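Enquirer: Got a structure for you, questions after.
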Amino acid sequence: GTVTFFQISLVLPDSKAANAMVQEIISYGEENVPSTYVTLGFTGLKHFQLDMVDAIGNDLETVDTIIIPMAMLFLAFVLGNLPIMILPILCIAATVMFSGVIMCPISRNFPVHNFTPSVMMSLIVAMSIDYSLFLISRCAEDLAMGHSKQHAIVSMVENAGHTILASGLTLCACFLGMLLLPVSMLQSVGVGASFAILCALAVNLSLTPAILSTKWLGDFVLHPNRILSMIC
């Protein structure tokens, strides 16, 4: 067979216009080139970026539909408490919104690569479940020793809260060290990962004690009925 390459140079004002033009070229080629005799393919940086965006979307969909439910069930099994899944779900949702609000203005002034949100989402899910395990297990231990719920929550924040704060800040400092590398892709990941961890810390150290302190939801999470406990 014969292979023919056509090089198309784009001179456009911004990346949005370039992406639109690439999509138009792809659509034109797929609609007008006869597939019976010719195999049409595209390559180049812009096309690679578009494929990366699609791959990131598929990765995030996999995280949302498979990884998060499996992690929630594992947390409930470890703690022997099915309603406990409410806490990390709320923390993940709040952290995603919080980190998104912070990263929006940063992305306007700092180059953020396409796969950075995927890295941030993975870290948010992992950190939220990990921090919930530390906090809730500490609270459950104090309750098992006969302490009041208020005392258990205070002890949880003072002890387990101190542990996850030190761990999270250390991990954040490691990711910030990526800013020293002369590669914009790694710098982007460092910034996104650092803010994801900081947001996860802030949300878990504030929202989790607040939810546990409420009368109905806090008691439902910490003292599930016998049927829900037996499921785990």
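Labeling convention for the structure tokens: chains A, B, ... as they appear, residues from 1 per chain, ligands from 1 in order of appearance.
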Leaving out region 210-218 of chain A and any residue of its chain fewer than 3 positions from it, which residues lie within 9 Å of it when counting only C-alpha atoms, given as a list in words?
Expert: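 What passes the distance filter is Leu87, Lys149, Gln150, Ile153, Leu205, Ser206, Leu207, Val221, Leu222 and His223 of chain A.
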Enquirer: Skipping near chain neighbours, those fewer than 6 positions away, what residues fall within 10 Å of Met127 (chain A) using only C-alpha atoms, listed as a PyMOL selection string?
Expert: chain A and resi 88+91-92+121+133+164+168+196-197+200-201+204
Enquirer: Return the single residue from A:Ala94, A:Pro209, A:Asp51, A:Leu169 that is closest to Gln23 (chain A), with distances computed using only C-alpha atoms.
Expert: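 Among A:Ala94, A:Pro209, A:Asp51, A:Leu169, it is A:Asp51 that comes nearest to Gln23 (chain A).
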Enquirer: Measuring atom to atom with only C-alpha atoms, identify which of A:Ala20, A:Leu10, A:Leu180, A:Ala193 is nearest to Leu123 (chain A).
Expert: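 Among the listed residues, A:Ala193 lies closest to Leu123 (chain A).
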Enquirer: When DSSP works through the backbone of this structure, what residues of region 18-210 of chain A end up as alpha helix (DSSP H), shown as a PyMOL selection string?
Expert: chain A and resi 18-32+45-62+68-79+86-109+116-144+149-176+184-210
Enquirer: Using only C-alpha atoms, can you tell me which of A:Val183, A:Gly146, A:Ile89, A:Leu135 comes closest to Gly161 (chain A)?
Expert: A:Leu135
Enquirer: Near Ser148 (chain A), counting only C-alpha atoms, which residues have an atom at most 12 Å away, once you skip same-chain residues fewer than 5 positions from it, shown as a PyMOL selection string?
Expert: chain A and resi 139-143+153-155+213+219+222
Enquirer: Which residue, A:Pro34, A:Pro117, A:Pro182, A:Pro111, has the smallest gap to Ser99 (chain A) when you use only C-alpha atoms?
Expert: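 Ranked by minimum distance to Ser99 (chain A), first place goes to A:Pro117.
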Enquirer: Rounded to one decimal in Å, what is the spacing between CA of Asp54 (chain A) and CA of Leu40 (chain A)?
Expert: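 According to the coordinates, CA of Asp54 (chain A) and CA of Leu40 (chain A) are separated by 19.6 Å.
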